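Engineer: Sending over entry-v4.cif (mmCIF, C-alpha atoms).
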```cif
data_model
#
loop_
_atom_site.label_atom_id
_atom_site.label_comp_id
_atom_site.auth_asym_id
_atom_site.auth_seq_id
_atom_site.Cartn_x
_atom_site.Cartn_y
_atom_site.Cartn_z
CA MET A 16 -21.39 -89.86 -2.89
CA LEU A 17 -22.94 -89.57 0.54
CA PHE A 18 -22.88 -92.48 2.95
CA ARG A 19 -26.03 -92.89 5.01
CA SER A 20 -26.78 -95.38 7.74
CA TRP A 21 -29.96 -96.05 9.68
CA ALA A 22 -31.33 -98.15 12.50
CA ASP A 23 -34.83 -98.87 13.77
CA GLY A 24 -36.30 -97.04 10.80
CA ARG A 25 -34.45 -93.77 11.48
CA ILE A 26 -31.44 -92.18 9.81
CA VAL A 27 -28.50 -92.04 12.22
CA ASP A 28 -25.64 -90.82 10.04
CA VAL A 29 -25.17 -88.62 6.99
CA SER A 30 -21.55 -88.14 6.04
CA GLU A 31 -19.14 -88.04 3.13
CA GLY A 32 -17.88 -91.33 1.79
CA ARG A 33 -18.71 -94.40 -0.23
CA GLY A 34 -21.52 -96.50 1.17
CA GLU A 35 -21.46 -100.25 1.64
CA ARG A 36 -24.05 -100.41 -1.14
CA HIS A 37 -23.01 -98.27 -4.08
CA TYR A 38 -24.82 -97.27 -7.27
CA ASP A 39 -22.95 -95.81 -10.21
CA ASN A 40 -24.51 -92.87 -12.07
CA ALA A 41 -27.34 -92.54 -9.57
CA VAL A 42 -28.70 -89.96 -7.16
CA VAL A 43 -29.86 -90.71 -3.65
CA LEU A 44 -32.91 -88.64 -2.76
CA PRO A 45 -35.17 -88.24 0.24
CA GLY A 46 -38.14 -90.55 -0.20
CA LEU A 47 -40.65 -88.82 -2.46
CA ILE A 48 -43.97 -87.73 -0.96
CA ASN A 49 -47.24 -87.77 -2.90
CA ALA A 50 -49.39 -85.06 -1.30
CA HIS A 51 -52.67 -86.20 -2.87
CA SER A 52 -53.65 -89.62 -4.18
CA HIS A 53 -56.57 -92.01 -4.50
CA LEU A 54 -55.00 -95.48 -4.50
CA GLU A 55 -58.42 -97.09 -4.84
CA TYR A 56 -58.75 -95.74 -8.38
CA ALA A 57 -55.47 -97.16 -9.69
CA THR A 58 -57.08 -98.98 -12.62
CA TYR A 59 -59.75 -96.38 -13.44
CA ALA A 60 -58.11 -94.64 -16.39
CA GLY A 61 -60.01 -94.08 -19.60
CA PHE A 62 -63.55 -92.99 -18.75
CA GLY A 63 -65.28 -89.69 -19.36
CA ASP A 64 -62.54 -88.06 -21.39
CA GLY A 65 -63.60 -84.56 -22.42
CA GLU A 66 -66.63 -84.38 -20.12
CA PRO A 67 -67.14 -81.33 -17.87
CA PHE A 68 -65.95 -81.86 -14.30
CA GLY A 69 -69.52 -82.11 -12.96
CA THR A 70 -70.72 -84.90 -15.27
CA TRP A 71 -67.33 -86.64 -15.11
CA LEU A 72 -67.69 -86.75 -11.33
CA GLY A 73 -71.16 -88.27 -11.62
CA THR A 74 -69.82 -91.08 -13.81
CA HIS A 75 -66.96 -91.61 -11.38
CA VAL A 76 -69.39 -91.97 -8.45
CA VAL A 77 -71.47 -94.58 -10.29
CA ARG A 78 -68.36 -96.58 -11.21
CA LYS A 79 -66.83 -96.73 -7.76
CA ARG A 80 -70.12 -97.63 -6.07
CA ALA A 81 -70.30 -100.71 -8.31
CA LEU A 82 -67.16 -102.19 -6.70
CA GLU A 83 -67.06 -104.56 -3.74
CA PHE A 84 -64.67 -103.81 -0.90
CA ALA A 85 -62.37 -106.67 -1.93
CA ASP A 86 -62.15 -105.15 -5.40
CA MET A 87 -61.10 -101.82 -3.93
CA VAL A 88 -58.41 -103.51 -1.82
CA ALA A 89 -57.01 -105.24 -4.90
CA ILE A 90 -57.03 -102.03 -6.96
CA ALA A 91 -55.50 -99.99 -4.13
CA THR A 92 -52.77 -102.60 -3.65
CA ARG A 93 -51.86 -102.17 -7.31
CA GLY A 94 -51.77 -98.41 -6.77
CA ALA A 95 -49.59 -98.70 -3.68
CA ALA A 96 -47.16 -100.97 -5.51
CA ASP A 97 -47.07 -98.57 -8.46
CA SER A 98 -46.28 -95.76 -6.03
CA LEU A 99 -43.25 -97.59 -4.65
CA THR A 100 -42.11 -98.40 -8.20
CA ALA A 101 -42.20 -94.67 -8.97
CA GLY A 102 -40.02 -93.87 -5.95
CA ILE A 103 -42.84 -92.66 -3.71
CA THR A 104 -42.28 -93.59 -0.06
CA MET A 105 -45.28 -91.79 1.44
CA THR A 106 -48.69 -90.82 0.17
CA ALA A 107 -51.52 -88.67 1.49
CA ASP A 108 -54.48 -90.68 0.26
CA TYR A 109 -58.16 -89.75 0.23
CA SER A 110 -59.95 -93.08 0.63
CA PHE A 111 -63.57 -93.70 -0.31
CA SER A 112 -63.74 -97.11 1.41
CA GLY A 113 -60.74 -97.48 3.71
CA ALA A 114 -59.15 -100.03 1.38
CA ALA A 115 -56.16 -97.76 0.78
CA ALA A 116 -55.03 -98.26 4.38
CA ILE A 117 -54.98 -102.03 3.96
CA ALA A 118 -53.14 -101.72 0.65
CA ALA A 119 -50.46 -99.34 1.95
CA ALA A 120 -49.81 -101.55 4.96
CA ALA A 121 -49.57 -104.66 2.77
CA VAL A 122 -46.80 -103.31 0.53
CA GLY A 123 -45.01 -101.14 3.10
CA LEU A 124 -45.96 -97.71 1.79
CA ARG A 125 -46.04 -94.97 4.44
CA ALA A 126 -49.40 -93.19 4.31
CA ILE A 127 -51.86 -90.83 5.86
CA VAL A 128 -55.22 -92.23 4.78
CA TYR A 129 -57.99 -89.66 4.99
CA LEU A 130 -61.28 -91.59 5.16
CA GLU A 131 -63.88 -89.79 3.08
CA VAL A 132 -67.22 -88.74 4.57
CA PHE A 133 -70.19 -87.04 2.96
CA GLY A 134 -73.35 -85.21 3.98
CA SER A 135 -74.83 -82.46 6.13
CA ASP A 136 -75.36 -84.22 9.46
CA PRO A 137 -72.30 -84.87 11.66
CA ALA A 138 -74.05 -87.85 13.23
CA VAL A 139 -74.41 -89.48 9.82
CA THR A 140 -70.81 -88.78 8.90
CA ALA A 141 -69.66 -90.11 12.27
CA ALA A 142 -71.28 -93.44 11.41
CA GLN A 143 -69.61 -93.40 7.98
CA LEU A 144 -66.22 -92.72 9.55
CA GLU A 145 -66.55 -95.48 12.14
CA GLN A 146 -67.50 -98.02 9.48
CA LYS A 147 -64.50 -97.07 7.36
CA ARG A 148 -62.18 -97.06 10.37
CA GLN A 149 -63.19 -100.63 11.11
CA ALA A 150 -62.59 -101.62 7.50
CA ALA A 151 -59.20 -99.86 7.32
CA GLY A 152 -57.62 -101.63 10.28
CA ALA A 153 -54.35 -100.48 11.86
CA SER A 154 -50.70 -100.44 10.80
CA PRO A 155 -47.54 -98.74 12.14
CA LEU A 156 -46.90 -97.13 8.75
CA VAL A 157 -50.45 -95.87 8.24
CA THR A 158 -52.06 -92.94 10.04
CA LEU A 159 -55.83 -92.65 9.71
CA GLY A 160 -57.40 -89.25 9.13
CA VAL A 161 -60.71 -88.00 7.79
CA SER A 162 -61.71 -86.24 4.59
CA PRO A 163 -64.90 -84.22 4.43
CA HIS A 164 -65.02 -84.66 0.69
CA ALA A 165 -65.66 -81.14 -0.64
CA PRO A 166 -67.64 -77.99 0.19
CA PHE A 167 -70.35 -79.08 -2.26
CA THR A 168 -70.81 -82.51 -0.61
CA CYS A 169 -70.28 -81.67 3.09
CA SER A 170 -71.80 -79.02 5.32
CA LEU A 171 -69.77 -76.57 7.37
CA GLU A 172 -70.99 -78.43 10.48
CA VAL A 173 -69.45 -81.64 9.16
CA TYR A 174 -66.14 -79.85 8.57
CA GLN A 175 -66.21 -78.47 12.09
CA TRP A 176 -66.93 -81.91 13.51
CA CYS A 177 -64.07 -83.47 11.53
CA LEU A 178 -61.61 -80.80 12.65
CA GLY A 179 -62.58 -81.44 16.25
CA LEU A 180 -61.47 -85.08 16.13
CA GLY A 181 -57.76 -84.35 16.55
CA ILE A 182 -56.73 -86.44 13.53
CA PRO A 183 -55.41 -85.35 10.11
CA VAL A 184 -58.08 -83.68 7.96
CA GLY A 185 -58.01 -83.18 4.19
CA THR A 186 -60.50 -82.02 1.59
CA HIS A 187 -60.92 -81.10 -2.08
CA LEU A 188 -61.30 -77.36 -2.54
CA ALA A 189 -61.94 -75.07 -5.52
CA GLU A 190 -61.09 -77.79 -8.01
CA SER A 191 -63.32 -76.52 -10.81
CA ALA A 192 -65.46 -73.58 -11.89
CA ASN A 193 -68.34 -76.10 -11.80
CA GLU A 194 -67.93 -76.12 -8.01
CA ASN A 195 -68.48 -72.39 -7.72
CA ASP A 196 -71.39 -72.54 -10.19
CA TRP A 197 -73.19 -74.94 -7.89
CA LEU A 198 -72.30 -73.28 -4.60
CA VAL A 199 -73.17 -69.75 -5.74
CA HIS A 200 -76.03 -70.34 -8.17
CA GLY A 201 -77.14 -73.98 -7.81
CA SER A 202 -76.46 -74.49 -11.50
CA GLY A 203 -73.92 -75.89 -13.94
CA PRO A 204 -72.80 -79.45 -14.69
CA LEU A 205 -72.65 -80.42 -11.00
CA ALA A 206 -76.42 -79.93 -10.80
CA ALA A 207 -76.80 -83.40 -12.32
CA ASN A 208 -75.50 -84.76 -9.00
CA ALA A 209 -77.80 -82.67 -6.78
CA ALA A 210 -79.04 -85.73 -4.88
CA ILE A 211 -75.62 -86.23 -3.26
CA MET A 212 -74.72 -82.58 -2.71
CA ILE A 213 -75.50 -79.97 -0.09
CA PRO A 214 -77.71 -77.00 -1.01
CA PRO A 215 -75.96 -73.97 -2.55
CA THR A 216 -74.35 -71.72 0.03
CA GLY A 217 -74.43 -68.53 -2.06
CA LYS A 218 -70.66 -68.26 -1.70
CA ARG A 219 -67.64 -69.42 -3.67
CA ALA A 220 -65.85 -72.55 -2.45
CA VAL A 221 -63.11 -70.83 -0.45
CA GLN A 222 -65.56 -68.41 1.19
CA THR A 223 -67.91 -71.31 1.94
CA LEU A 224 -65.20 -72.84 4.13
CA GLU A 225 -63.88 -69.56 5.55
CA ALA A 226 -64.88 -70.46 9.12
CA VAL A 227 -62.84 -73.68 9.09
CA LEU A 228 -59.84 -72.81 6.95
CA GLY A 229 -56.60 -73.16 8.84
CA PRO A 230 -53.27 -74.99 9.13
CA GLU A 231 -54.94 -78.30 10.03
CA LEU A 232 -57.01 -78.58 6.83
CA LEU A 233 -55.07 -79.93 3.84
CA CYS A 234 -56.73 -78.63 0.67
CA ALA A 235 -56.22 -80.41 -2.63
CA HIS A 236 -56.34 -78.51 -5.94
CA CYS A 237 -57.20 -74.82 -5.16
CA VAL A 238 -57.41 -74.04 -8.87
CA GLU A 239 -60.47 -71.81 -9.13
CA VAL A 240 -59.29 -69.13 -6.71
CA SER A 241 -59.43 -65.35 -6.88
CA ALA A 242 -56.83 -62.97 -5.49
CA ASP A 243 -59.03 -62.61 -2.39
CA ASP A 244 -59.22 -66.39 -2.06
CA VAL A 245 -55.44 -66.67 -2.20
CA ALA A 246 -55.08 -63.93 0.40
CA LEU A 247 -57.43 -65.83 2.72
CA LEU A 248 -55.53 -69.10 2.24
CA VAL A 249 -52.30 -67.29 3.06
CA ALA A 250 -53.76 -65.51 6.09
CA ARG A 251 -55.02 -68.84 7.47
CA ASP A 252 -51.81 -70.78 6.66
CA VAL A 253 -53.76 -73.38 4.69
CA PRO A 254 -51.62 -76.24 3.28
CA VAL A 255 -52.25 -77.05 -0.38
CA ALA A 256 -51.80 -80.17 -2.51
CA HIS A 257 -51.12 -79.13 -6.12
CA CYS A 258 -52.26 -81.61 -8.83
CA PRO A 259 -51.44 -80.09 -12.23
CA ARG A 260 -52.02 -83.13 -14.47
CA SER A 261 -55.49 -83.85 -13.09
CA ASN A 262 -56.45 -80.18 -13.24
CA ALA A 263 -55.28 -79.92 -16.85
CA LEU A 264 -56.82 -83.15 -18.12
CA LEU A 265 -60.19 -82.35 -16.56
CA GLY A 266 -60.05 -78.87 -18.06
CA CYS A 267 -60.23 -77.26 -14.63
CA GLY A 268 -57.35 -74.86 -15.14
CA ILE A 269 -53.96 -74.15 -13.62
CA ALA A 270 -53.56 -73.35 -9.94
CA PRO A 271 -51.50 -70.20 -9.18
CA LEU A 272 -48.59 -72.17 -7.76
CA HIS A 273 -46.11 -69.31 -8.16
CA ASP A 274 -48.38 -67.05 -6.10
CA PHE A 275 -48.75 -69.75 -3.43
CA LEU A 276 -45.01 -70.23 -3.09
CA GLU A 277 -44.21 -66.52 -3.21
CA ALA A 278 -46.71 -65.96 -0.39
CA GLY A 279 -45.14 -68.70 1.72
CA LEU A 280 -47.91 -71.29 1.59
CA ARG A 281 -46.95 -74.87 2.39
CA VAL A 282 -47.44 -76.75 -0.88
CA GLY A 283 -46.94 -80.38 -1.81
CA LEU A 284 -47.35 -82.05 -5.19
CA GLY A 285 -49.98 -84.73 -5.74
CA THR A 286 -50.64 -87.14 -8.59
CA ASP A 287 -54.35 -87.46 -7.79
CA SER A 288 -55.40 -90.79 -9.37
CA PRO A 289 -55.78 -92.60 -12.69
CA ALA A 290 -59.45 -91.68 -12.54
CA SER A 291 -58.32 -88.27 -13.79
CA THR A 292 -54.65 -88.76 -14.69
CA PRO A 293 -52.91 -91.68 -16.38
CA SER A 294 -50.70 -92.84 -13.51
CA PHE A 295 -48.99 -92.37 -10.16
CA ASP A 296 -45.86 -91.25 -12.03
CA ILE A 297 -44.63 -88.50 -9.72
CA TRP A 298 -41.84 -87.61 -12.20
CA GLU A 299 -44.31 -86.77 -14.94
CA GLU A 300 -46.24 -84.75 -12.34
CA LEU A 301 -43.10 -82.83 -11.40
CA ARG A 302 -42.35 -81.91 -14.99
CA THR A 303 -45.96 -80.94 -15.61
CA ALA A 304 -45.83 -78.66 -12.57
CA ILE A 305 -42.83 -76.89 -14.08
CA TYR A 306 -44.32 -76.64 -17.56
CA VAL A 307 -47.65 -75.18 -16.47
CA ALA A 308 -46.14 -72.84 -13.86
CA ARG A 309 -43.73 -71.36 -16.41
CA GLY A 310 -46.43 -71.20 -19.07
CA ARG A 311 -48.94 -69.53 -16.75
CA GLU A 312 -46.46 -66.93 -15.52
CA ARG A 313 -44.59 -66.60 -18.83
CA ARG A 314 -41.37 -66.80 -16.83
CA PRO A 315 -38.69 -69.49 -17.02
CA ASP A 316 -37.94 -68.97 -13.33
CA ALA A 317 -41.56 -69.36 -12.19
CA LEU A 318 -40.69 -72.84 -10.88
CA SER A 319 -37.15 -74.18 -10.89
CA ALA A 320 -36.15 -77.82 -10.72
CA HIS A 321 -34.91 -77.26 -7.16
CA GLN A 322 -38.26 -75.74 -6.16
CA ALA A 323 -40.07 -78.61 -7.82
CA LEU A 324 -38.06 -81.18 -5.85
CA ALA A 325 -39.12 -79.41 -2.66
CA LEU A 326 -42.77 -79.99 -3.63
CA VAL A 327 -42.24 -83.75 -3.18
CA THR A 328 -39.85 -83.52 -0.23
CA THR A 329 -39.62 -80.69 2.30
CA GLY A 330 -42.65 -78.78 0.99
CA ALA A 331 -44.87 -81.83 1.01
CA ALA A 332 -43.65 -82.75 4.48
CA ALA A 333 -44.56 -79.27 5.71
CA ALA A 334 -47.99 -79.45 4.07
CA LEU A 335 -48.64 -82.73 5.89
CA GLY A 336 -47.37 -81.41 9.21
CA ARG A 337 -44.32 -83.71 9.26
CA THR A 338 -41.38 -81.37 8.84
CA GLY A 339 -38.13 -83.06 9.85
CA GLU A 340 -39.69 -86.52 9.86
CA ILE A 341 -39.95 -87.18 6.12
CA GLY A 342 -38.68 -85.55 2.94
CA VAL A 343 -35.13 -85.07 4.25
CA LEU A 344 -31.95 -87.10 4.61
CA ALA A 345 -30.90 -86.08 8.09
CA PRO A 346 -30.22 -87.77 11.41
CA GLY A 347 -33.45 -88.53 13.24
CA ALA A 348 -35.64 -88.48 10.12
CA ASN A 349 -37.47 -91.56 8.93
CA ALA A 350 -35.25 -93.75 6.76
CA ASP A 351 -37.29 -93.17 3.60
CA ILE A 352 -34.98 -93.09 0.57
CA THR A 353 -35.33 -93.10 -3.21
CA VAL A 354 -32.47 -94.13 -5.50
CA LEU A 355 -32.71 -92.93 -9.10
CA SER A 356 -30.43 -93.94 -11.97
CA LEU A 357 -29.33 -91.27 -14.41
CA ALA A 358 -27.21 -93.61 -16.52
CA GLY A 359 -27.90 -93.11 -20.20
CA SER A 360 -30.40 -90.31 -19.64
CA PRO A 361 -30.26 -87.06 -21.65
CA TYR A 362 -28.70 -85.52 -18.50
CA ASP A 363 -25.77 -87.96 -18.33
CA PRO A 364 -23.07 -86.69 -17.83
CA VAL A 365 -24.65 -84.76 -14.99
CA GLU A 366 -24.08 -81.05 -14.44
CA ASP A 367 -26.78 -80.40 -11.80
CA PRO A 368 -28.06 -83.58 -10.07
CA VAL A 369 -31.40 -81.99 -9.19
CA VAL A 370 -32.07 -80.77 -12.73
CA ALA A 371 -31.03 -84.17 -14.06
CA ALA A 372 -33.33 -85.97 -11.64
CA ILE A 373 -36.39 -83.81 -12.25
CA PHE A 374 -36.17 -83.72 -16.03
CA GLY A 375 -34.73 -87.23 -16.50
CA GLY A 376 -36.48 -89.18 -13.75
CA SER A 377 -39.08 -91.88 -14.38
CA PRO A 378 -40.38 -95.02 -12.67
CA ASP A 379 -38.24 -97.23 -14.90
CA ARG A 380 -35.14 -95.43 -13.57
CA ILE A 381 -35.94 -96.16 -9.92
CA LEU A 382 -33.32 -98.56 -8.59
CA GLU A 383 -34.55 -98.83 -5.02
CA THR A 384 -37.29 -97.47 -2.79
CA ILE A 385 -36.69 -97.73 0.96
CA VAL A 386 -39.40 -97.05 3.54
CA ASP A 387 -38.69 -97.08 7.26
CA GLY A 388 -35.25 -98.55 6.60
CA THR A 389 -36.61 -101.52 4.64
CA THR A 390 -36.34 -102.00 0.89
CA ARG A 391 -39.89 -102.07 -0.46
CA TYR A 392 -38.94 -102.02 -4.14
CA ARG A 393 -35.72 -102.95 -5.93
CA GLN A 394 -35.52 -102.90 -9.69
CA GLY A 395 -35.58 -106.40 -11.11
CA GLU A 396 -36.56 -108.01 -7.83
CA THR A 397 -39.96 -106.64 -6.78
CA SER A 398 -42.99 -105.28 -8.63
#
```
Translate this file's structure into structure tokens.

Structural biologist:
Amino acid sequence: MLFRSWADGRIVDVSEGRGERHYDNAVVLPGLINAHSHLEYATYAGFGDGEPFGTWLGTHVVRKRALEFADMVAIATRGAADSLTAGITMTADYSFSGAAAIAAAAVGLRAIVYLEVFGSDPAVTAAQLEQKRQAAGASPLVTLGVSPHAPFTCSLEVYQWCLGLGIPVGTHLAESANENDWLVHGSGPLAANAAIMIPPTGKRAVQTLEAVLGPELLCAHCVEVSADDVALLVARDVPVAHCPRSNALLGCGIAPLHDFLEAGLRVGLGTDSPASTPSFDIWEELRTAIYVARGRERRPDALSAHQALALVTTGAAAALGRTGEIGVLAPGANADITVLSLAGSPYDPVEDPVVAAIFGGSPDRILETIVDGTTRYRQGETS
């Protein structure tokens, strides 16, 4: 057992010994990081199953536009609470309304909230961003960023404007073949949403954004990528948020995670949202990442349990530009901690704690979730 102490929200000691608070048959982990979420869609599950990505997206847009802001705050608060219950201490959230920032602050979830903007004119998107900034408010645990939504809904000029703001920037990129169909040919299922999209660029998604790709642009998904696309992402040191359950359930494919990691890309794991996946269960996401990586590569070592854990700790921290601050249990890091019980799991007695955690972990095994040195969830006491 490792004893850890903290003060003022920072870890000050990591040393051998039995802590004042002790859990039998449990592992103490760095707080888990969700590299891509949409808290505002926490209760959205169940629509559009089996539809192509393009028409599914159109239904999604209609549904979320029907909600009032107060509704989105309530839904996002449920999502933030579910995140803590799953052992997530920080999320990188793409927020349509700004409600996610209010929700994260309310329950004590650390977050970067990327406020989504849309369109071709930077002046129009500037007005959108300001409105959402006002709605989001301010909190010590929440950093506000901006998300030019995707290369089929935002112009290159809008991306350039966003990247010039000096705040975190995240986008969706190469999520589906439907995206490339629209951008290259102006056709495919996304054509049904032409009224809210930019004109075709004549280039694939990654090439469309070539001028702005770099280490400051977090890119979620990156599924529909060629070898040349991957080479460009690597050359530009583009951080990636990998969302295997969403990509699989929407029929988008499997991102080449093994290639990303072998090439040294900074990659974090994201649950996306219940609009496209059933839950914010980061444990199910971790296992899915392993299953699809090994299946895609036909290699049992394509993604190990230890590598998978890095996707929600050190790797995710690197992807978000916060190496050393989160995702580690070390002096000076934020006191974000997840305690997971392994008692009675198929991996008890434990041979390898990491293997046991990854393959046996679940929200109902989370004993405590600590953010900034404060318990935000304790099994049986908070929900």

Engineer: Report the distance between CA of Ala22 (chain A) and CA of Gly388 (chain A) in Å, rounded to one decimal place.

Structural biologist: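 Taking CA of Ala22 (chain A) and CA of Gly388 (chain A), their separation equals 7.1 Å.
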
Engineer: Could you tell me which residues the PyMOL selection byres ((chain A and resi 266) around 12) grabs in this file, written as a PDB file with C-alpha atoms, keeping the file's coordinate frame?

Structural biologist:
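Output file selection-v6.pdb follows:
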```pdb
ATOM      1  CA  ASP A  64     -62.540 -88.060 -21.390  1.00  0.00           C
ATOM      2  CA  GLY A  65     -63.600 -84.560 -22.420  1.00  0.00           C
ATOM      3  CA  GLU A  66     -66.630 -84.380 -20.120  1.00  0.00           C
ATOM      4  CA  PRO A  67     -67.140 -81.330 -17.870  1.00  0.00           C
ATOM      5  CA  PHE A  68     -65.950 -81.860 -14.300  1.00  0.00           C
ATOM      6  CA  GLY A  69     -69.520 -82.110 -12.960  1.00  0.00           C
ATOM      7  CA  TRP A  71     -67.330 -86.640 -15.110  1.00  0.00           C
ATOM      8  CA  GLU A 190     -61.090 -77.790  -8.010  1.00  0.00           C
ATOM      9  CA  SER A 191     -63.320 -76.520 -10.810  1.00  0.00           C
ATOM     10  CA  ALA A 192     -65.460 -73.580 -11.890  1.00  0.00           C
ATOM     11  CA  ASN A 193     -68.340 -76.100 -11.800  1.00  0.00           C
ATOM     12  CA  VAL A 238     -57.410 -74.040  -8.870  1.00  0.00           C
ATOM     13  CA  GLU A 239     -60.470 -71.810  -9.130  1.00  0.00           C
ATOM     14  CA  PRO A 259     -51.440 -80.090 -12.230  1.00  0.00           C
ATOM     15  CA  ARG A 260     -52.020 -83.130 -14.470  1.00  0.00           C
ATOM     16  CA  SER A 261     -55.490 -83.850 -13.090  1.00  0.00           C
ATOM     17  CA  ASN A 262     -56.450 -80.180 -13.240  1.00  0.00           C
ATOM     18  CA  ALA A 263     -55.280 -79.920 -16.850  1.00  0.00           C
ATOM     19  CA  LEU A 264     -56.820 -83.150 -18.120  1.00  0.00           C
ATOM     20  CA  LEU A 265     -60.190 -82.350 -16.560  1.00  0.00           C
ATOM     21  CA  CYS A 267     -60.230 -77.260 -14.630  1.00  0.00           C
ATOM     22  CA  GLY A 268     -57.350 -74.860 -15.140  1.00  0.00           C
ATOM     23  CA  ILE A 269     -53.960 -74.150 -13.620  1.00  0.00           C
ATOM     24  CA  ALA A 270     -53.560 -73.350  -9.940  1.00  0.00           C
ATOM     25  CA  SER A 291     -58.320 -88.270 -13.790  1.00  0.00           C
ATOM     26  CA  THR A 292     -54.650 -88.760 -14.690  1.00  0.00           C
TER      27      THR A 292
END
```

Engineer: To one decimal place, how far is CA of Ser112 (chain A) from CA of His75 (chain A) in Å?

Structural biologist: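 Between CA of Ser112 (chain A) and CA of His75 (chain A) the gap works out to 14.3 Å.
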
Engineer: Have a look at A:Gly201, A:Gly310, A:Gly160, A:Gly330 and name the one nearest to Val282 (chain A); count only C-alpha atoms.

Structural biologist: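 Of A:Gly201, A:Gly310, A:Gly160, A:Gly330, the one nearest Val282 (chain A) is A:Gly330, counting only C-alpha atoms.
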
Engineer: Could you state which residues are captured by the PyMOL selection byres ((chain A and resi 290) around 9) in this file, as a short mmCIF file (atom, residue, chain, number, x, y, z; two decimals) with C-alpha atoms, in the coordinates of the input?

Structural biologist:
```cif
data_model
loop_
_atom_site.label_atom_id
_atom_site.label_comp_id
_atom_site.auth_asym_id
_atom_site.auth_seq_id
_atom_site.Cartn_x
_atom_site.Cartn_y
_atom_site.Cartn_z
CA HIS A 53 -56.57 -92.01 -4.50
CA TYR A 56 -58.75 -95.74 -8.38
CA ALA A 57 -55.47 -97.16 -9.69
CA THR A 58 -57.08 -98.98 -12.62
CA TYR A 59 -59.75 -96.38 -13.44
CA ALA A 60 -58.11 -94.64 -16.39
CA GLY A 61 -60.01 -94.08 -19.60
CA PHE A 62 -63.55 -92.99 -18.75
CA HIS A 75 -66.96 -91.61 -11.38
CA SER A 261 -55.49 -83.85 -13.09
CA ASP A 287 -54.35 -87.46 -7.79
CA SER A 288 -55.40 -90.79 -9.37
CA PRO A 289 -55.78 -92.60 -12.69
CA SER A 291 -58.32 -88.27 -13.79
CA THR A 292 -54.65 -88.76 -14.69
CA PRO A 293 -52.91 -91.68 -16.38
CA SER A 294 -50.70 -92.84 -13.51
#
```

Engineer: Please determine, counting only C-alpha atoms, which residue among A:Pro368, A:Gly347, A:Pro315, A:Gly279 has the shortest atom-to-atom distance to Val43 (chain A).

Structural biologist: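 Counting only C-alpha atoms, the residue closest to Val43 (chain A) is A:Pro368.
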
Engineer: Name the residues captured by the PyMOL selection byres ((chain A and resi 318) around 8) when it is applied to the shown file; answer as a list in words.

Structural biologist: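 Going through the file, the PyMOL selection byres ((chain A and resi 318) around 8) ends up selecting His273, Ala304, Ile305, Ala308, Arg309, Pro315, Asp316, Ala317, Ser319, Ala320, Gln322 and Ala323 of chain A.
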
Engineer: Suppose we keep C-alpha atoms; can you now write the selection as a PDB file, keeping the file's coordinate frame?

Structural biologist:
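Result file result.pdb:
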```
ATOM      1  CA  HIS A 273     -46.110 -69.310  -8.160  1.00  0.00           C
ATOM      2  CA  ALA A 304     -45.830 -78.660 -12.570  1.00  0.00           C
ATOM      3  CA  ILE A 305     -42.830 -76.890 -14.080  1.00  0.00           C
ATOM      4  CA  ALA A 308     -46.140 -72.840 -13.860  1.00  0.00           C
ATOM      5  CA  ARG A 309     -43.730 -71.360 -16.410  1.00  0.00           C
ATOM      6  CA  PRO A 315     -38.690 -69.490 -17.020  1.00  0.00           C
ATOM      7  CA  ASP A 316     -37.940 -68.970 -13.330  1.00  0.00           C
ATOM      8  CA  ALA A 317     -41.560 -69.360 -12.190  1.00  0.00           C
ATOM      9  CA  SER A 319     -37.150 -74.180 -10.890  1.00  0.00           C
ATOM     10  CA  ALA A 320     -36.150 -77.820 -10.720  1.00  0.00           C
ATOM     11  CA  GLN A 322     -38.260 -75.740  -6.160  1.00  0.00           C
ATOM     12  CA  ALA A 323     -40.070 -78.610  -7.820  1.00  0.00           C
TER      13      ALA A 323
END
```

Engineer: Excluding region 373-377 of chain A and residues on its chain fewer than 3 positions from it, collect all residues at most 9 Å away from it, counting all atoms listed in the file, and give them as a list in words.

Structural biologist: Ala101, Gly102, Asp296, Ile297, Trp298, Glu299, Leu301, Arg302, Ala320, His321, Ala323, Leu324, Leu355, Ser356, Leu357, Ser360, Pro361, Tyr362, Pro368, Val369, Val370, Arg380 and Ile381 of chain A

Engineer: Write a file of the just-selected residues containing C-alpha atoms, as a short mmCIF file (atom, residue, chain, number, x, y, z; two decimals), in the frame of the given file.

Structural biologist:
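Output below, filename selection15.cif:
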```cif
data_model
loop_
_atom_site.label_atom_id
_atom_site.label_comp_id
_atom_site.auth_asym_id
_atom_site.auth_seq_id
_atom_site.Cartn_x
_atom_site.Cartn_y
_atom_site.Cartn_z
CA ALA A 101 -42.20 -94.67 -8.97
CA GLY A 102 -40.02 -93.87 -5.95
CA ASP A 296 -45.86 -91.25 -12.03
CA ILE A 297 -44.63 -88.50 -9.72
CA TRP A 298 -41.84 -87.61 -12.20
CA GLU A 299 -44.31 -86.77 -14.94
CA LEU A 301 -43.10 -82.83 -11.40
CA ARG A 302 -42.35 -81.91 -14.99
CA ALA A 320 -36.15 -77.82 -10.72
CA HIS A 321 -34.91 -77.26 -7.16
CA ALA A 323 -40.07 -78.61 -7.82
CA LEU A 324 -38.06 -81.18 -5.85
CA LEU A 355 -32.71 -92.93 -9.10
CA SER A 356 -30.43 -93.94 -11.97
CA LEU A 357 -29.33 -91.27 -14.41
CA SER A 360 -30.40 -90.31 -19.64
CA PRO A 361 -30.26 -87.06 -21.65
CA TYR A 362 -28.70 -85.52 -18.50
CA PRO A 368 -28.06 -83.58 -10.07
CA VAL A 369 -31.40 -81.99 -9.19
CA VAL A 370 -32.07 -80.77 -12.73
CA ARG A 380 -35.14 -95.43 -13.57
CA ILE A 381 -35.94 -96.16 -9.92
#
```
